[in-house]
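Shown below: model-v1.cif, with mmCIF, N, CA, C and O atoms.
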```
data_target
loop_
_atom_site.label_atom_id
_atom_site.label_comp_id
_atom_site.auth_asym_id
_atom_site.auth_seq_id
_atom_site.Cartn_x
_atom_site.Cartn_y
_atom_site.Cartn_z
N ALA N 101 -97.21 -48.62 71.90
CA ALA N 101 -97.12 -47.30 72.52
C ALA N 101 -95.72 -46.72 72.30
O ALA N 101 -94.76 -47.45 72.11
N VAL N 102 -95.63 -45.42 72.35
CA VAL N 102 -94.35 -44.74 72.12
C VAL N 102 -93.31 -45.16 73.14
O VAL N 102 -92.15 -45.41 72.79
N ALA N 103 -93.69 -45.28 74.41
CA ALA N 103 -92.73 -45.68 75.45
C ALA N 103 -92.15 -47.05 75.13
O ALA N 103 -90.94 -47.26 75.23
N ASP N 104 -93.00 -47.99 74.76
CA ASP N 104 -92.53 -49.34 74.42
C ASP N 104 -91.57 -49.32 73.24
O ASP N 104 -90.57 -50.04 73.23
N ASP N 105 -91.87 -48.50 72.24
CA ASP N 105 -91.02 -48.40 71.05
C ASP N 105 -89.61 -47.95 71.40
O ASP N 105 -88.66 -48.22 70.66
N HIS N 106 -89.48 -47.24 72.53
CA HIS N 106 -88.16 -46.72 72.94
C HIS N 106 -87.60 -47.45 74.15
O HIS N 106 -86.63 -46.98 74.76
N GLY N 107 -88.20 -48.56 74.54
CA GLY N 107 -87.68 -49.35 75.65
C GLY N 107 -87.82 -48.67 77.00
O GLY N 107 -87.00 -48.87 77.89
N VAL N 108 -88.85 -47.84 77.15
CA VAL N 108 -89.05 -47.09 78.39
C VAL N 108 -90.31 -47.60 79.06
O VAL N 108 -91.34 -47.79 78.42
N SER N 109 -90.22 -47.84 80.37
CA SER N 109 -91.42 -48.24 81.10
C SER N 109 -92.22 -47.00 81.47
O SER N 109 -91.66 -45.94 81.73
N LEU N 110 -93.53 -47.15 81.49
CA LEU N 110 -94.42 -46.03 81.78
C LEU N 110 -95.45 -46.49 82.78
O LEU N 110 -96.03 -47.57 82.65
N GLU N 111 -95.66 -45.69 83.81
CA GLU N 111 -96.64 -46.00 84.84
C GLU N 111 -97.55 -44.80 85.01
O GLU N 111 -97.08 -43.67 85.02
N THR N 112 -98.84 -45.04 85.13
CA THR N 112 -99.77 -43.95 85.39
C THR N 112 -100.41 -44.16 86.76
O THR N 112 -100.50 -45.28 87.25
N ALA N 113 -100.85 -43.07 87.37
CA ALA N 113 -101.51 -43.15 88.67
C ALA N 113 -102.51 -42.01 88.76
O ALA N 113 -102.32 -40.95 88.17
N THR N 114 -103.57 -42.25 89.51
CA THR N 114 -104.56 -41.22 89.78
C THR N 114 -104.62 -41.01 91.28
O THR N 114 -104.80 -41.97 92.03
N VAL N 115 -104.43 -39.78 91.72
CA VAL N 115 -104.47 -39.45 93.15
C VAL N 115 -105.34 -38.22 93.34
O VAL N 115 -105.61 -37.48 92.40
N SER N 116 -105.77 -38.01 94.56
CA SER N 116 -106.58 -36.84 94.88
C SER N 116 -105.80 -35.90 95.79
O SER N 116 -105.02 -36.36 96.62
N GLY N 117 -106.00 -34.61 95.62
CA GLY N 117 -105.35 -33.62 96.47
C GLY N 117 -104.95 -32.42 95.65
O GLY N 117 -105.38 -32.23 94.51
N THR N 118 -104.10 -31.59 96.21
CA THR N 118 -103.58 -30.42 95.52
C THR N 118 -102.55 -30.90 94.50
O THR N 118 -101.59 -31.58 94.86
N ALA N 119 -102.75 -30.55 93.24
CA ALA N 119 -101.96 -31.11 92.15
C ALA N 119 -100.45 -31.01 92.37
O ALA N 119 -99.74 -32.02 92.30
N ALA N 120 -99.94 -29.83 92.63
CA ALA N 120 -98.50 -29.66 92.78
C ALA N 120 -97.96 -30.48 93.94
O ALA N 120 -96.92 -31.16 93.81
N ASP N 121 -98.65 -30.47 95.07
CA ASP N 121 -98.21 -31.24 96.23
C ASP N 121 -98.20 -32.73 95.94
O ASP N 121 -97.27 -33.45 96.31
N GLU N 122 -99.25 -33.22 95.28
CA GLU N 122 -99.36 -34.65 94.99
C GLU N 122 -98.30 -35.11 93.99
O GLU N 122 -97.75 -36.20 94.12
N ILE N 123 -98.00 -34.28 93.00
CA ILE N 123 -96.97 -34.64 92.02
C ILE N 123 -95.61 -34.75 92.70
O ILE N 123 -94.87 -35.72 92.49
N VAL N 124 -95.27 -33.77 93.52
CA VAL N 124 -93.98 -33.81 94.23
C VAL N 124 -93.92 -35.00 95.18
O VAL N 124 -92.93 -35.73 95.21
N GLU N 125 -94.99 -35.22 95.94
CA GLU N 125 -95.02 -36.33 96.89
C GLU N 125 -94.88 -37.67 96.16
O GLU N 125 -94.13 -38.56 96.60
N TYR N 126 -95.57 -37.83 95.05
CA TYR N 126 -95.49 -39.08 94.28
C TYR N 126 -94.07 -39.32 93.79
O TYR N 126 -93.54 -40.43 93.88
N ALA N 127 -93.44 -38.28 93.26
CA ALA N 127 -92.08 -38.41 92.74
C ALA N 127 -91.11 -38.82 93.83
O ALA N 127 -90.24 -39.67 93.63
N VAL N 128 -91.26 -38.24 95.01
CA VAL N 128 -90.38 -38.57 96.14
C VAL N 128 -90.63 -39.99 96.62
O VAL N 128 -89.71 -40.79 96.79
N GLU N 129 -91.91 -40.35 96.81
CA GLU N 129 -92.26 -41.68 97.30
C GLU N 129 -91.82 -42.79 96.35
O GLU N 129 -91.50 -43.90 96.79
N HIS N 130 -91.82 -42.52 95.05
CA HIS N 130 -91.45 -43.53 94.06
C HIS N 130 -90.02 -43.37 93.57
O HIS N 130 -89.63 -43.98 92.57
N ASP N 131 -89.25 -42.55 94.26
CA ASP N 131 -87.83 -42.34 93.95
C ASP N 131 -87.60 -42.00 92.47
O ASP N 131 -86.71 -42.55 91.83
N ALA N 132 -88.44 -41.11 91.94
CA ALA N 132 -88.31 -40.70 90.54
C ALA N 132 -87.01 -39.93 90.34
O ALA N 132 -86.59 -39.17 91.21
N ASP N 133 -86.39 -40.14 89.20
CA ASP N 133 -85.18 -39.41 88.86
C ASP N 133 -85.49 -37.99 88.41
O ASP N 133 -84.71 -37.08 88.63
N GLN N 134 -86.65 -37.83 87.77
CA GLN N 134 -86.97 -36.55 87.15
C GLN N 134 -88.48 -36.44 86.97
O GLN N 134 -89.18 -37.43 86.79
N ILE N 135 -88.97 -35.20 86.99
CA ILE N 135 -90.37 -34.90 86.68
C ILE N 135 -90.35 -34.08 85.40
O ILE N 135 -89.64 -33.08 85.30
N VAL N 136 -91.13 -34.51 84.40
CA VAL N 136 -91.24 -33.77 83.15
C VAL N 136 -92.69 -33.36 83.02
O VAL N 136 -93.59 -34.19 83.08
N MET N 137 -92.91 -32.05 82.84
CA MET N 137 -94.28 -31.52 82.78
C MET N 137 -94.41 -30.53 81.65
O MET N 137 -93.46 -29.81 81.33
N GLY N 138 -95.60 -30.46 81.11
CA GLY N 138 -95.93 -29.42 80.15
C GLY N 138 -96.37 -28.17 80.89
O GLY N 138 -96.85 -28.24 82.01
N SER N 139 -96.19 -27.03 80.27
CA SER N 139 -96.64 -25.76 80.82
C SER N 139 -97.38 -25.03 79.72
O SER N 139 -96.96 -25.07 78.56
N HIS N 140 -98.46 -24.36 80.06
CA HIS N 140 -99.28 -23.70 79.05
C HIS N 140 -98.60 -22.52 78.37
O HIS N 140 -99.04 -22.07 77.34
N GLY N 141 -97.55 -21.99 78.97
CA GLY N 141 -96.90 -20.83 78.38
C GLY N 141 -97.72 -19.56 78.57
O GLY N 141 -97.70 -18.67 77.73
N ARG N 142 -98.44 -19.49 79.65
CA ARG N 142 -99.26 -18.30 79.92
C ARG N 142 -98.38 -17.08 80.15
O ARG N 142 -97.25 -17.19 80.60
N SER N 143 -98.95 -15.94 79.88
CA SER N 143 -98.24 -14.68 80.12
C SER N 143 -98.10 -14.45 81.62
O SER N 143 -98.83 -15.03 82.42
N LEU N 144 -97.16 -13.60 82.01
CA LEU N 144 -96.92 -13.33 83.43
C LEU N 144 -98.17 -12.87 84.16
O LEU N 144 -98.48 -13.40 85.23
N PRO N 145 -98.95 -11.91 83.64
CA PRO N 145 -100.15 -11.50 84.38
C PRO N 145 -101.12 -12.66 84.61
O PRO N 145 -101.70 -12.79 85.69
N ALA N 146 -101.27 -13.53 83.64
CA ALA N 146 -102.18 -14.67 83.80
C ALA N 146 -101.65 -15.63 84.86
O ALA N 146 -102.42 -16.17 85.65
N ARG N 147 -100.34 -15.86 84.89
CA ARG N 147 -99.76 -16.75 85.90
C ARG N 147 -99.93 -16.18 87.29
O ARG N 147 -100.17 -16.91 88.25
N LEU N 148 -99.81 -14.86 87.42
CA LEU N 148 -99.97 -14.23 88.73
C LEU N 148 -101.39 -14.37 89.26
O LEU N 148 -101.60 -14.51 90.46
N ILE N 149 -102.35 -14.35 88.35
CA ILE N 149 -103.75 -14.46 88.74
C ILE N 149 -104.15 -15.92 89.00
O ILE N 149 -104.75 -16.24 90.01
N THR N 150 -103.80 -16.81 88.08
CA THR N 150 -104.26 -18.20 88.17
C THR N 150 -103.25 -19.14 88.79
O THR N 150 -103.60 -20.23 89.20
N GLY N 151 -102.00 -18.77 88.82
CA GLY N 151 -100.96 -19.66 89.32
C GLY N 151 -100.59 -20.68 88.27
O GLY N 151 -101.20 -20.77 87.22
N SER N 152 -99.58 -21.46 88.54
CA SER N 152 -99.13 -22.48 87.61
C SER N 152 -98.70 -23.71 88.39
O SER N 152 -97.77 -23.64 89.21
N VAL N 153 -99.37 -24.82 88.15
CA VAL N 153 -99.01 -26.08 88.83
C VAL N 153 -97.57 -26.43 88.48
O VAL N 153 -96.77 -26.78 89.36
N ALA N 154 -97.22 -26.33 87.21
CA ALA N 154 -95.86 -26.69 86.78
C ALA N 154 -94.81 -25.86 87.50
O ALA N 154 -93.78 -26.40 87.95
N GLU N 155 -95.05 -24.57 87.64
CA GLU N 155 -94.06 -23.73 88.30
C GLU N 155 -93.99 -24.02 89.80
O GLU N 155 -92.91 -23.99 90.39
N ARG N 156 -95.12 -24.34 90.43
CA ARG N 156 -95.10 -24.71 91.85
C ARG N 156 -94.33 -26.01 92.05
O ARG N 156 -93.56 -26.14 93.00
N VAL N 157 -94.52 -26.97 91.14
CA VAL N 157 -93.77 -28.23 91.23
C VAL N 157 -92.28 -27.94 91.10
O VAL N 157 -91.47 -28.44 91.87
N ALA N 158 -91.92 -27.12 90.13
CA ALA N 158 -90.50 -26.81 89.90
C ALA N 158 -89.87 -26.15 91.12
O ALA N 158 -88.72 -26.43 91.46
N ARG N 159 -90.61 -25.29 91.80
CA ARG N 159 -90.07 -24.61 92.98
C ARG N 159 -89.98 -25.52 94.19
O ARG N 159 -89.07 -25.39 95.01
N ARG N 160 -90.90 -26.45 94.34
CA ARG N 160 -91.00 -27.25 95.57
C ARG N 160 -90.31 -28.60 95.51
O ARG N 160 -90.03 -29.20 96.54
N SER N 161 -90.06 -29.11 94.32
CA SER N 161 -89.58 -30.49 94.20
C SER N 161 -88.09 -30.63 94.52
O SER N 161 -87.28 -29.86 94.02
N PRO N 162 -87.74 -31.65 95.30
CA PRO N 162 -86.33 -31.95 95.50
C PRO N 162 -85.75 -32.74 94.32
O PRO N 162 -84.56 -33.02 94.28
N ARG N 163 -86.59 -33.11 93.37
CA ARG N 163 -86.17 -33.83 92.17
C ARG N 163 -85.97 -32.84 91.03
O ARG N 163 -86.50 -31.74 91.03
N THR N 164 -85.21 -33.25 90.02
CA THR N 164 -85.04 -32.43 88.83
C THR N 164 -86.38 -32.31 88.12
O THR N 164 -87.09 -33.29 87.95
N VAL N 165 -86.73 -31.09 87.72
CA VAL N 165 -87.98 -30.85 87.01
C VAL N 165 -87.66 -30.21 85.66
O VAL N 165 -86.92 -29.23 85.59
N THR N 166 -88.21 -30.79 84.59
CA THR N 166 -88.07 -30.22 83.26
C THR N 166 -89.44 -29.76 82.82
O THR N 166 -90.39 -30.54 82.81
N LEU N 167 -89.57 -28.47 82.47
CA LEU N 167 -90.83 -27.92 82.01
C LEU N 167 -90.76 -27.73 80.50
O LEU N 167 -89.82 -27.13 79.99
N ILE N 168 -91.75 -28.27 79.82
CA ILE N 168 -91.86 -28.10 78.36
C ILE N 168 -92.90 -27.00 78.15
O ILE N 168 -94.09 -27.19 78.43
N ARG N 169 -92.44 -25.85 77.72
CA ARG N 169 -93.32 -24.69 77.62
C ARG N 169 -93.90 -24.56 76.21
O ARG N 169 -93.20 -24.73 75.22
N GLY N 170 -95.17 -24.17 76.20
CA GLY N 170 -95.80 -23.78 74.94
C GLY N 170 -95.45 -22.34 74.66
O GLY N 170 -94.78 -21.68 75.46
N SER N 171 -95.91 -21.82 73.53
CA SER N 171 -95.63 -20.42 73.25
C SER N 171 -96.53 -19.53 74.10
O SER N 171 -97.67 -19.90 74.38
N PRO N 172 -96.04 -18.38 74.54
CA PRO N 172 -96.84 -17.49 75.37
C PRO N 172 -98.12 -17.08 74.66
O PRO N 172 -98.13 -16.90 73.45
N THR N 173 -99.19 -16.96 75.44
CA THR N 173 -100.46 -16.54 74.88
C THR N 173 -100.95 -15.31 75.62
O THR N 173 -100.53 -15.03 76.73
N GLU N 174 -101.83 -14.59 75.02
CA GLU N 174 -102.46 -13.46 75.67
C GLU N 174 -103.68 -13.97 76.40
O GLU N 174 -104.57 -14.53 75.80
N ASP N 175 -103.75 -13.82 77.73
CA ASP N 175 -104.90 -14.26 78.52
C ASP N 175 -105.70 -13.08 78.98
O ASP N 175 -105.24 -12.05 79.27
#
```
Just give me the structure as structure tokens.
Amino acid sequence: AVADDHGVSLETATVSGTAADEIVEYAVEHDADQIVMGSHGRSLPARLITGSVAERVARRSPRTVTLIRGSPTED
């Protein structure tokens, strides 16, 4: 796996609940240094209508959050 090739440990977990809340809670409970998430790169009108889990995590998390954005799309 890519993580092993770079000497990085990787852990996965499955939880139920509101995505943004669960991601932030998990990071805090496991003393994560950072949260790295992908973002769809939706246009502003689409984000206003559908919301963005990544942006909610970034606003609510007491941990550092890095968002990897795709190119903006027309929704």
_Can you spell out as a list in words the set of residues that the PyMOL selection byres (((chain N and resi 164 and name CA) around 9) and name CA) selects in the structure I just provided?_
Asp133, Gln134, Ile135, Val136, Ala158, Ser161, Pro162, Arg163, Val165 and Thr166 of chain N
_For a quick check of understanding, using all atoms listed in the file, which of N:Ala120, N:Ala132, N:Ile168, N:Tyr126 has the smallest distance to Val153 in chain N?_
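Going through N:Ala120, N:Ala132, N:Ile168, N:Tyr126 one by one, the smallest distance to Val153 in chain N is for N:Ala120.
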*CA of Ala154 in chain N to CA of His140 in chain N, distance in Å rounded to a single decimal*: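 Calculated distance between CA of Ala154 in chain N and CA of His140 in chain N is 9.0 Å.
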_Env of Ala113 in chain N: 12 Å cut, atoms = only C-alpha atoms, seq-sep filter 2 positions within chain, self excluded. Answer as a list in words._
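Result of the neighbour search: Leu110, Glu111, Val115, Ser116, Glu122, Ile123, Tyr126, Ala127 and His130 of chain N.
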*Which is closer to Arg160 in chain N than all the others in N:Val108, N:Val124, N:Ala101, N:Ala119, using only N, CA, C and O atoms?*
N:Val124
*At what distance in Å, to one decimal, does atom N of Ser152 in chain N lie from atom O of Asp131 in chain N?*
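Pair atom O of Asp131 in chain N / atom N of Ser152 in chain N returns 24.9 Å.
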_Gap from CA of Val157 in chain N to CA of Met137 in chain N - Å, one decimal_ =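 Those two atoms sit 9.1 Å apart.
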4 Å per side around range 126-134 of chain N: axis-aligned box centre and edge lengths, as JSON:
```
{"center_x": -90.1, "center_y": -40.2, "center_z": 92.0, "size_x": 18.9, "size_y": 15.5, "size_z": 18.5}
```
